[in-house]
>>> print(open('model_8.cif').read())   # mmCIF, N, CA and C atoms
data_structure
#
loop_
_atom_site.label_atom_id
_atom_site.label_comp_id
_atom_site.auth_asym_id
_atom_site.auth_seq_id
_atom_site.Cartn_x
_atom_site.Cartn_y
_atom_site.Cartn_z
N MET A 1 0.82 -1.18 0.00
CA MET A 1 0.00 0.00 0.00
C MET A 1 0.87 1.25 0.00
N VAL A 2 1.94 1.23 0.78
CA VAL A 2 2.79 2.42 0.89
C VAL A 2 3.44 2.74 -0.46
N SER A 3 4.04 1.75 -1.09
CA SER A 3 4.71 2.00 -2.37
C SER A 3 3.72 2.45 -3.44
N TYR A 4 2.57 1.83 -3.47
CA TYR A 4 1.55 2.19 -4.46
C TYR A 4 1.08 3.63 -4.21
N HIS A 5 0.88 3.99 -2.96
CA HIS A 5 0.48 5.35 -2.62
C HIS A 5 1.54 6.35 -3.06
N ILE A 6 2.78 6.08 -2.77
CA ILE A 6 3.87 6.99 -3.16
C ILE A 6 3.95 7.09 -4.68
N PHE A 7 3.84 5.97 -5.37
CA PHE A 7 3.89 5.94 -6.83
C PHE A 7 2.79 6.82 -7.43
N LEU A 8 1.56 6.62 -7.00
CA LEU A 8 0.45 7.40 -7.55
C LEU A 8 0.55 8.88 -7.19
N THR A 9 1.05 9.16 -6.00
CA THR A 9 1.23 10.55 -5.57
C THR A 9 2.30 11.24 -6.42
N LYS A 10 3.44 10.57 -6.61
CA LYS A 10 4.53 11.15 -7.40
C LYS A 10 4.10 11.40 -8.85
N LEU A 11 3.26 10.53 -9.38
CA LEU A 11 2.78 10.72 -10.75
C LEU A 11 1.71 11.80 -10.85
N GLY A 12 1.24 12.26 -9.70
CA GLY A 12 0.22 13.30 -9.69
C GLY A 12 -1.18 12.77 -9.89
N PHE A 13 -1.37 11.47 -9.75
CA PHE A 13 -2.68 10.87 -9.96
C PHE A 13 -3.59 11.02 -8.75
N ILE A 14 -3.00 11.15 -7.55
CA ILE A 14 -3.80 11.30 -6.33
C ILE A 14 -3.18 12.39 -5.46
N ASP A 15 -4.00 12.93 -4.58
CA ASP A 15 -3.54 13.90 -3.60
C ASP A 15 -4.29 13.61 -2.30
N MET A 16 -3.83 12.61 -1.59
CA MET A 16 -4.46 12.23 -0.34
C MET A 16 -3.41 11.62 0.58
N SER A 17 -3.71 11.61 1.86
CA SER A 17 -2.78 11.02 2.83
C SER A 17 -2.76 9.50 2.65
N LEU A 18 -1.76 8.88 3.23
CA LEU A 18 -1.68 7.42 3.17
C LEU A 18 -2.91 6.80 3.83
N SER A 19 -3.34 7.35 4.95
CA SER A 19 -4.51 6.81 5.63
C SER A 19 -5.77 6.93 4.76
N GLU A 20 -5.95 8.09 4.12
CA GLU A 20 -7.09 8.25 3.22
C GLU A 20 -7.02 7.26 2.07
N PHE A 21 -5.82 7.04 1.56
CA PHE A 21 -5.61 6.09 0.47
C PHE A 21 -5.99 4.67 0.90
N ILE A 22 -5.51 4.26 2.06
CA ILE A 22 -5.80 2.91 2.58
C ILE A 22 -7.30 2.68 2.69
N HIS A 23 -8.05 3.71 3.12
CA HIS A 23 -9.49 3.59 3.34
C HIS A 23 -10.31 3.88 2.08
N ASN A 24 -9.67 4.32 1.02
CA ASN A 24 -10.38 4.64 -0.22
C ASN A 24 -10.86 3.35 -0.89
N PRO A 25 -12.17 3.17 -1.08
CA PRO A 25 -12.67 1.91 -1.63
C PRO A 25 -12.21 1.61 -3.06
N SER A 26 -11.86 2.64 -3.82
CA SER A 26 -11.44 2.43 -5.20
C SER A 26 -9.95 2.16 -5.34
N LEU A 27 -9.16 2.54 -4.34
CA LEU A 27 -7.70 2.42 -4.45
C LEU A 27 -7.06 1.64 -3.31
N GLY A 28 -7.67 1.65 -2.16
CA GLY A 28 -7.06 1.10 -0.96
C GLY A 28 -7.18 -0.40 -0.80
N ILE A 29 -7.21 -0.82 0.46
CA ILE A 29 -7.14 -2.25 0.76
C ILE A 29 -8.36 -3.01 0.26
N ILE A 30 -9.52 -2.38 0.25
CA ILE A 30 -10.71 -3.06 -0.28
C ILE A 30 -10.52 -3.37 -1.76
N SER A 31 -9.95 -2.43 -2.49
CA SER A 31 -9.67 -2.64 -3.91
C SER A 31 -8.65 -3.77 -4.10
N TRP A 32 -7.63 -3.82 -3.23
CA TRP A 32 -6.63 -4.87 -3.30
C TRP A 32 -7.27 -6.24 -3.07
N VAL A 33 -8.13 -6.32 -2.06
CA VAL A 33 -8.81 -7.59 -1.76
C VAL A 33 -9.65 -8.03 -2.95
N GLN A 34 -10.38 -7.11 -3.56
CA GLN A 34 -11.19 -7.45 -4.74
C GLN A 34 -10.31 -7.93 -5.89
N HIS A 35 -9.18 -7.27 -6.06
CA HIS A 35 -8.24 -7.65 -7.11
C HIS A 35 -7.72 -9.07 -6.88
N VAL A 36 -7.30 -9.36 -5.66
CA VAL A 36 -6.79 -10.70 -5.34
C VAL A 36 -7.90 -11.73 -5.47
N ASP A 37 -9.10 -11.40 -4.99
CA ASP A 37 -10.24 -12.31 -5.16
C ASP A 37 -10.41 -12.68 -6.63
N ASP A 38 -10.32 -11.68 -7.50
CA ASP A 38 -10.51 -11.93 -8.93
C ASP A 38 -9.48 -12.90 -9.48
N TRP A 39 -8.20 -12.67 -9.21
CA TRP A 39 -7.23 -13.55 -9.84
C TRP A 39 -7.02 -14.86 -9.11
N MET A 40 -7.51 -14.96 -7.89
CA MET A 40 -7.41 -16.24 -7.19
C MET A 40 -8.67 -17.09 -7.38
N ASN A 41 -9.82 -16.46 -7.54
CA ASN A 41 -11.08 -17.20 -7.58
C ASN A 41 -11.76 -17.22 -8.93
N LYS A 42 -11.37 -16.36 -9.84
CA LYS A 42 -12.11 -16.25 -11.10
C LYS A 42 -11.24 -16.58 -12.30
N THR A 43 -10.26 -17.41 -12.10
CA THR A 43 -9.43 -17.83 -13.22
C THR A 43 -10.09 -19.01 -13.91
N ILE A 44 -9.56 -19.40 -15.02
CA ILE A 44 -10.08 -20.56 -15.75
C ILE A 44 -9.93 -21.79 -14.85
N PRO A 45 -11.01 -22.57 -14.70
CA PRO A 45 -10.92 -23.76 -13.86
C PRO A 45 -9.72 -24.64 -14.24
N GLY A 46 -9.03 -25.11 -13.25
CA GLY A 46 -7.86 -25.95 -13.47
C GLY A 46 -6.56 -25.16 -13.57
N THR A 47 -6.67 -23.84 -13.66
CA THR A 47 -5.47 -23.00 -13.72
C THR A 47 -4.80 -23.00 -12.36
N ARG A 48 -3.51 -23.24 -12.37
CA ARG A 48 -2.75 -23.21 -11.13
C ARG A 48 -2.04 -21.86 -11.02
N ILE A 49 -2.09 -21.30 -9.84
CA ILE A 49 -1.43 -20.02 -9.59
C ILE A 49 -0.38 -20.22 -8.50
N ARG A 50 0.81 -19.76 -8.76
CA ARG A 50 1.87 -19.79 -7.75
C ARG A 50 2.26 -18.35 -7.48
N VAL A 51 2.06 -17.92 -6.26
CA VAL A 51 2.38 -16.54 -5.87
C VAL A 51 3.79 -16.51 -5.29
N PHE A 52 4.59 -15.59 -5.78
CA PHE A 52 5.92 -15.36 -5.23
C PHE A 52 5.88 -14.03 -4.48
N ARG A 53 6.09 -14.10 -3.18
CA ARG A 53 6.06 -12.90 -2.37
C ARG A 53 7.40 -12.17 -2.46
N TYR A 54 7.34 -10.86 -2.47
CA TYR A 54 8.55 -10.03 -2.52
C TYR A 54 9.48 -10.37 -1.35
N GLU A 55 8.89 -10.57 -0.18
CA GLU A 55 9.67 -10.88 1.02
C GLU A 55 10.49 -12.15 0.83
N ASP A 56 9.89 -13.15 0.21
CA ASP A 56 10.59 -14.42 -0.01
C ASP A 56 11.70 -14.27 -1.04
N MET A 57 11.43 -13.47 -2.08
CA MET A 57 12.46 -13.24 -3.09
C MET A 57 13.63 -12.45 -2.51
N LEU A 58 13.34 -11.54 -1.58
CA LEU A 58 14.41 -10.80 -0.92
C LEU A 58 15.26 -11.72 -0.05
N SER A 59 14.59 -12.61 0.67
CA SER A 59 15.33 -13.45 1.61
C SER A 59 16.10 -14.57 0.92
N ASP A 60 15.62 -15.06 -0.24
CA ASP A 60 16.33 -16.12 -0.96
C ASP A 60 16.00 -16.05 -2.44
N ALA A 61 16.60 -15.08 -3.10
CA ALA A 61 16.32 -14.85 -4.53
C ALA A 61 16.64 -16.09 -5.36
N GLU A 62 17.73 -16.73 -5.07
CA GLU A 62 18.13 -17.89 -5.88
C GLU A 62 17.12 -19.02 -5.79
N ALA A 63 16.58 -19.28 -4.61
CA ALA A 63 15.57 -20.34 -4.47
C ALA A 63 14.31 -19.97 -5.27
N SER A 64 13.92 -18.70 -5.23
CA SER A 64 12.75 -18.26 -6.00
C SER A 64 13.00 -18.41 -7.49
N ILE A 65 14.18 -18.03 -7.94
CA ILE A 65 14.53 -18.14 -9.36
C ILE A 65 14.53 -19.60 -9.80
N GLU A 66 15.09 -20.46 -8.98
CA GLU A 66 15.12 -21.89 -9.30
C GLU A 66 13.70 -22.45 -9.40
N GLU A 67 12.82 -22.03 -8.50
CA GLU A 67 11.43 -22.52 -8.54
C GLU A 67 10.70 -22.00 -9.78
N ILE A 68 10.90 -20.74 -10.11
CA ILE A 68 10.28 -20.18 -11.31
C ILE A 68 10.76 -20.94 -12.55
N ALA A 69 12.06 -21.16 -12.63
CA ALA A 69 12.63 -21.89 -13.77
C ALA A 69 12.02 -23.29 -13.86
N PHE A 70 11.91 -23.96 -12.74
CA PHE A 70 11.33 -25.30 -12.72
C PHE A 70 9.88 -25.27 -13.21
N LEU A 71 9.11 -24.30 -12.72
CA LEU A 71 7.69 -24.22 -13.09
C LEU A 71 7.46 -23.96 -14.57
N ILE A 72 8.39 -23.26 -15.20
CA ILE A 72 8.23 -22.99 -16.64
C ILE A 72 9.03 -23.96 -17.50
N GLY A 73 9.65 -24.95 -16.85
CA GLY A 73 10.36 -25.99 -17.59
C GLY A 73 11.70 -25.54 -18.14
N CYS A 74 12.35 -24.64 -17.45
CA CYS A 74 13.64 -24.11 -17.89
C CYS A 74 14.74 -24.65 -16.98
N LYS A 75 15.75 -25.23 -17.58
CA LYS A 75 16.87 -25.75 -16.80
C LYS A 75 17.98 -24.71 -16.77
N LEU A 76 18.35 -24.31 -15.56
CA LEU A 76 19.40 -23.30 -15.38
C LEU A 76 20.55 -23.89 -14.59
N THR A 77 21.74 -23.46 -14.93
CA THR A 77 22.91 -23.83 -14.13
C THR A 77 22.94 -22.94 -12.89
N SER A 78 23.69 -23.34 -11.90
CA SER A 78 23.81 -22.51 -10.69
C SER A 78 24.44 -21.16 -11.03
N GLU A 79 25.32 -21.14 -12.04
CA GLU A 79 25.92 -19.87 -12.47
C GLU A 79 24.85 -18.96 -13.07
N GLN A 80 23.97 -19.51 -13.88
CA GLN A 80 22.90 -18.71 -14.47
C GLN A 80 21.95 -18.17 -13.40
N VAL A 81 21.61 -19.02 -12.45
CA VAL A 81 20.75 -18.59 -11.34
C VAL A 81 21.40 -17.44 -10.58
N GLY A 82 22.68 -17.56 -10.33
CA GLY A 82 23.41 -16.50 -9.62
C GLY A 82 23.41 -15.19 -10.39
N ARG A 83 23.61 -15.27 -11.71
CA ARG A 83 23.61 -14.04 -12.53
C ARG A 83 22.23 -13.40 -12.55
N ILE A 84 21.20 -14.22 -12.65
CA ILE A 84 19.83 -13.69 -12.64
C ILE A 84 19.58 -13.01 -11.30
N ALA A 85 19.95 -13.66 -10.21
CA ALA A 85 19.75 -13.07 -8.88
C ALA A 85 20.49 -11.74 -8.76
N GLU A 86 21.68 -11.68 -9.30
CA GLU A 86 22.46 -10.44 -9.27
C GLU A 86 21.74 -9.33 -10.04
N HIS A 87 21.20 -9.68 -11.21
CA HIS A 87 20.49 -8.68 -12.03
C HIS A 87 19.19 -8.23 -11.38
N CYS A 88 18.65 -9.04 -10.48
CA CYS A 88 17.41 -8.70 -9.79
C CYS A 88 17.65 -7.97 -8.47
N SER A 89 18.89 -7.72 -8.14
CA SER A 89 19.21 -7.08 -6.86
C SER A 89 18.73 -5.63 -6.86
N PHE A 90 18.55 -5.09 -5.67
CA PHE A 90 18.11 -3.71 -5.53
C PHE A 90 19.08 -2.75 -6.21
N ALA A 91 20.37 -2.96 -6.01
CA ALA A 91 21.38 -2.08 -6.63
C ALA A 91 21.27 -2.11 -8.15
N GLU A 92 21.08 -3.28 -8.72
CA GLU A 92 20.94 -3.39 -10.18
C GLU A 92 19.66 -2.73 -10.67
N MET A 93 18.58 -2.89 -9.92
CA MET A 93 17.32 -2.26 -10.33
C MET A 93 17.44 -0.75 -10.29
N LYS A 94 18.10 -0.22 -9.27
CA LYS A 94 18.31 1.24 -9.19
C LYS A 94 19.17 1.71 -10.36
N ALA A 95 20.23 0.99 -10.66
CA ALA A 95 21.11 1.36 -11.77
C ALA A 95 20.37 1.30 -13.10
N LEU A 96 19.57 0.27 -13.28
CA LEU A 96 18.80 0.13 -14.52
C LEU A 96 17.81 1.27 -14.67
N GLU A 97 17.18 1.64 -13.57
CA GLU A 97 16.22 2.74 -13.62
C GLU A 97 16.90 4.04 -14.07
N LYS A 98 18.11 4.27 -13.63
CA LYS A 98 18.85 5.49 -14.00
C LYS A 98 19.30 5.47 -15.46
N SER A 99 19.49 4.28 -16.01
CA SER A 99 20.08 4.18 -17.35
C SER A 99 19.07 3.95 -18.48
N THR A 100 17.80 3.84 -18.15
CA THR A 100 16.81 3.55 -19.18
C THR A 100 15.71 4.60 -19.19
N VAL A 101 14.94 4.59 -20.24
CA VAL A 101 13.77 5.46 -20.32
C VAL A 101 12.75 4.94 -19.31
N SER A 102 12.24 5.84 -18.52
CA SER A 102 11.28 5.45 -17.49
C SER A 102 10.15 6.46 -17.46
N LEU A 103 9.23 6.26 -16.55
CA LEU A 103 8.16 7.23 -16.38
C LEU A 103 8.73 8.61 -16.06
N ALA A 104 9.82 8.64 -15.31
CA ALA A 104 10.45 9.92 -14.97
C ALA A 104 10.95 10.62 -16.23
N THR A 105 11.60 9.89 -17.10
CA THR A 105 12.11 10.47 -18.34
C THR A 105 10.96 10.97 -19.19
N LEU A 106 9.92 10.17 -19.29
CA LEU A 106 8.77 10.55 -20.11
C LEU A 106 8.06 11.78 -19.55
N ARG A 107 8.08 11.90 -18.25
CA ARG A 107 7.41 13.04 -17.60
C ARG A 107 8.36 14.23 -17.40
N HIS A 108 9.62 14.08 -17.76
CA HIS A 108 10.63 15.12 -17.57
C HIS A 108 10.76 15.50 -16.09
N ASP A 109 10.62 14.54 -15.24
CA ASP A 109 10.72 14.75 -13.81
C ASP A 109 11.86 13.91 -13.28
N LYS A 110 13.03 14.48 -13.15
CA LYS A 110 14.22 13.72 -12.77
C LYS A 110 14.19 13.25 -11.32
N SER A 111 13.29 13.82 -10.51
CA SER A 111 13.23 13.40 -9.11
C SER A 111 12.40 12.14 -8.92
N PHE A 112 11.64 11.75 -9.94
CA PHE A 112 10.77 10.58 -9.83
C PHE A 112 11.60 9.31 -9.88
N THR A 113 11.37 8.44 -8.91
CA THR A 113 11.97 7.10 -8.93
C THR A 113 10.88 6.09 -8.58
N PHE A 114 10.90 4.99 -9.28
CA PHE A 114 9.97 3.92 -8.99
C PHE A 114 10.57 2.97 -7.96
N VAL A 115 11.84 2.64 -8.14
CA VAL A 115 12.55 1.75 -7.22
C VAL A 115 12.94 2.60 -6.01
N ARG A 116 12.36 2.27 -4.85
CA ARG A 116 12.53 3.13 -3.69
C ARG A 116 13.60 2.63 -2.72
N GLN A 117 13.25 1.63 -1.90
CA GLN A 117 14.12 1.22 -0.81
C GLN A 117 14.62 -0.22 -0.91
N GLY A 118 13.90 -1.06 -1.58
CA GLY A 118 14.29 -2.46 -1.66
C GLY A 118 14.09 -3.19 -0.34
N SER A 119 13.18 -2.72 0.46
CA SER A 119 12.92 -3.30 1.78
C SER A 119 11.53 -3.91 1.79
N SER A 120 11.36 -4.92 2.61
CA SER A 120 10.03 -5.51 2.73
C SER A 120 9.33 -5.06 4.00
N SER A 121 9.99 -4.21 4.78
CA SER A 121 9.39 -3.83 6.06
C SER A 121 9.31 -2.32 6.26
N GLY A 122 9.58 -1.54 5.24
CA GLY A 122 9.52 -0.10 5.36
C GLY A 122 8.14 0.42 5.71
N TRP A 123 7.12 -0.31 5.33
CA TRP A 123 5.74 0.07 5.61
C TRP A 123 5.49 0.23 7.10
N LYS A 124 6.24 -0.50 7.93
CA LYS A 124 6.03 -0.47 9.38
C LYS A 124 6.24 0.92 9.96
N GLU A 125 7.07 1.70 9.30
CA GLU A 125 7.35 3.06 9.77
C GLU A 125 6.31 4.05 9.23
N GLU A 126 5.49 3.65 8.27
CA GLU A 126 4.60 4.58 7.60
C GLU A 126 3.13 4.37 7.90
N ILE A 127 2.72 3.15 8.22
CA ILE A 127 1.31 2.85 8.44
C ILE A 127 1.01 2.90 9.93
N SER A 128 -0.03 3.65 10.29
CA SER A 128 -0.41 3.78 11.70
C SER A 128 -1.00 2.46 12.22
N GLY A 129 -1.04 2.33 13.53
CA GLY A 129 -1.65 1.14 14.14
C GLY A 129 -3.11 0.99 13.76
N ASP A 130 -3.84 2.11 13.73
CA ASP A 130 -5.26 2.05 13.35
C ASP A 130 -5.43 1.60 11.91
N ASP A 131 -4.58 2.13 11.02
CA ASP A 131 -4.67 1.74 9.61
C ASP A 131 -4.26 0.28 9.41
N LEU A 132 -3.27 -0.17 10.16
CA LEU A 132 -2.85 -1.57 10.08
C LEU A 132 -3.99 -2.48 10.55
N ALA A 133 -4.66 -2.11 11.62
CA ALA A 133 -5.78 -2.91 12.12
C ALA A 133 -6.90 -2.96 11.06
N TYR A 134 -7.15 -1.85 10.39
CA TYR A 134 -8.15 -1.81 9.33
C TYR A 134 -7.75 -2.73 8.17
N ILE A 135 -6.49 -2.65 7.76
CA ILE A 135 -5.99 -3.51 6.68
C ILE A 135 -6.15 -4.98 7.05
N GLU A 136 -5.74 -5.33 8.25
CA GLU A 136 -5.81 -6.72 8.69
C GLU A 136 -7.26 -7.20 8.76
N ALA A 137 -8.17 -6.33 9.19
CA ALA A 137 -9.58 -6.72 9.26
C ALA A 137 -10.17 -6.95 7.87
N GLU A 138 -9.84 -6.07 6.94
CA GLU A 138 -10.39 -6.16 5.58
C GLU A 138 -9.74 -7.28 4.76
N ALA A 139 -8.48 -7.53 5.00
CA ALA A 139 -7.72 -8.46 4.15
C ALA A 139 -7.28 -9.72 4.88
N GLU A 140 -7.89 -9.99 6.01
CA GLU A 140 -7.44 -11.11 6.85
C GLU A 140 -7.33 -12.44 6.08
N HIS A 141 -8.34 -12.74 5.27
CA HIS A 141 -8.33 -14.02 4.55
C HIS A 141 -7.09 -14.16 3.68
N TRP A 142 -6.84 -13.16 2.82
CA TRP A 142 -5.71 -13.27 1.89
C TRP A 142 -4.38 -13.07 2.60
N MET A 143 -4.34 -12.24 3.62
CA MET A 143 -3.09 -12.07 4.36
C MET A 143 -2.69 -13.38 5.03
N SER A 144 -3.67 -14.10 5.54
CA SER A 144 -3.41 -15.41 6.13
C SER A 144 -3.00 -16.42 5.05
N HIS A 145 -3.72 -16.41 3.95
CA HIS A 145 -3.42 -17.32 2.84
C HIS A 145 -1.98 -17.16 2.35
N PHE A 146 -1.51 -15.91 2.30
CA PHE A 146 -0.16 -15.63 1.80
C PHE A 146 0.88 -15.53 2.94
N ASN A 147 0.50 -15.96 4.12
CA ASN A 147 1.39 -16.00 5.29
C ASN A 147 1.91 -14.62 5.72
N TYR A 148 1.04 -13.63 5.64
CA TYR A 148 1.41 -12.31 6.16
C TYR A 148 0.98 -12.14 7.62
N VAL A 149 0.04 -12.95 8.08
CA VAL A 149 -0.38 -12.92 9.48
C VAL A 149 -0.43 -14.32 10.01
#
>>> encode(input="model_8.cif", output="C-alpha cells")
Amino acid sequence: MVSYHIFLTKLGFIDMSLSEFIHNPSLGIISWVQHVDDWMNKTIPGTRIRVFRYEDMLSDAEASIEEIAFLIGCKLTSEQVGRIAEHCSFAEMKALEKSTVSLATLRHDKSFTFVRQGSSSGWKEEISGDDLAYIEAEAEHWMSHFNYV
C-alpha cells in the first residue's frame, strides 16, 4: 500500500494522505482484496497459480529463481541462477532505472523514482496502528493465505 500510494502521488494521480488512500474503496485495501479475489477465484478452472512474495524473493532470490525456472520448464545452471539473482538485486534495479527510459524520463521529472528502498518492512514506519488494524480486518483471509499474518 505504501509504495503504491507513493507511486500514484509522485505521478500526480492522487492527492491524499496514506490513511485516506488505505481507506479509499477504489484504491485502498478493499480494492486490493477485490483484485486478489478476482485472480485467485475467477481464473479458468484448473489453472494453477503460484504466488511469489517479494519478502521471499528478498530473503532467498536464488531459491525463487530456481522454482520459477522449474515451473516454466527451464533448466538453469547454478551460475545462471546467480547471474539472474544479481540482475534482480536492488542495486541493479536502481542502476537500470537510471540508465533507461522510465516514467520519470517521459514526464521530464528527474526526481521521480519507482525503485525506492528495496525493503520488505519499510511500511512499518509509515502505516499507523489504526490503519494496520483496518488492513488486517479487511484483508485477513488473503493475508493469512499468503502468510502475512
>>> residues_around(input="model_8.cif", residues="stretch 31-42 of chain A", least_positions_apart="6", cutoff="7 Å", atoms="only N, CA and C atoms", output="ChimeraX atom specification")
/A:24-25,138-139
>>> write_last_selection(input="model_8.cif", atoms="N, CA and C atoms", output="PDB file, in the coordinates of the input")
ATOM      1  N   ASN A  24      -9.670   4.320   1.020  1.00  0.00           N
ATOM      2  CA  ASN A  24     -10.380   4.640  -0.220  1.00  0.00           C
ATOM      3  C   ASN A  24     -10.860   3.350  -0.890  1.00  0.00           C
ATOM      4  N   PRO A  25     -12.170   3.170  -1.080  1.00  0.00           N
ATOM      5  CA  PRO A  25     -12.670   1.910  -1.630  1.00  0.00           C
ATOM      6  C   PRO A  25     -12.210   1.610  -3.060  1.00  0.00           C
ATOM      7  N   GLU A 138      -9.840  -6.070   6.940  1.00  0.00           N
ATOM      8  CA  GLU A 138     -10.390  -6.160   5.580  1.00  0.00           C
ATOM      9  C   GLU A 138      -9.740  -7.280   4.760  1.00  0.00           C
ATOM     10  N   ALA A 139      -8.480  -7.530   5.000  1.00  0.00           N
ATOM     11  CA  ALA A 139      -7.720  -8.460   4.150  1.00  0.00           C
ATOM     12  C   ALA A 139      -7.280  -9.720   4.880  1.00  0.00           C
TER      13      ALA A 139
END
>>> atom_distance(input="model_8.cif", atom1="atom N of A:Thr9", atom2="atom N of A:Glu126")
15.9 Å
>>> select_by_dssp(input="model_8.cif", residues="stretch 17-101 of chain A", states="helix (DSSP H, G or I)", output="PyMOL selection string")
chain A and resi 18-23+29-41+54-59+61-71+78-87+90-99
>>> atom_distance(input="model_8.cif", atom1="atom C of A:His23", atom2="atom N of A:Tyr148")
21.2 Å
>>> residues_around(input="model_8.cif", residues="A:Leu132", least_positions_apart="6", cutoff="12 Å", atoms="only C-alpha atoms", output="list in words")
Met1, Val2, Leu18, Ser19, Ile22, His23, Ile29, Trp123, Lys124, Glu125, Glu126, Glu138, Ala139, Glu140, Met143 and Val149 of chain A
>>> atom_distance(input="model_8.cif", atom1="atom CA of A:Glu20", atom2="atom CA of A:Ile127")
11.3 Å
>>> closest_residue(input="model_8.cif", among="A:Cys74, A:Ile30, A:Val81, A:Cys88", to="A:Glu62", atoms="all atoms listed in the file")
A:Val81
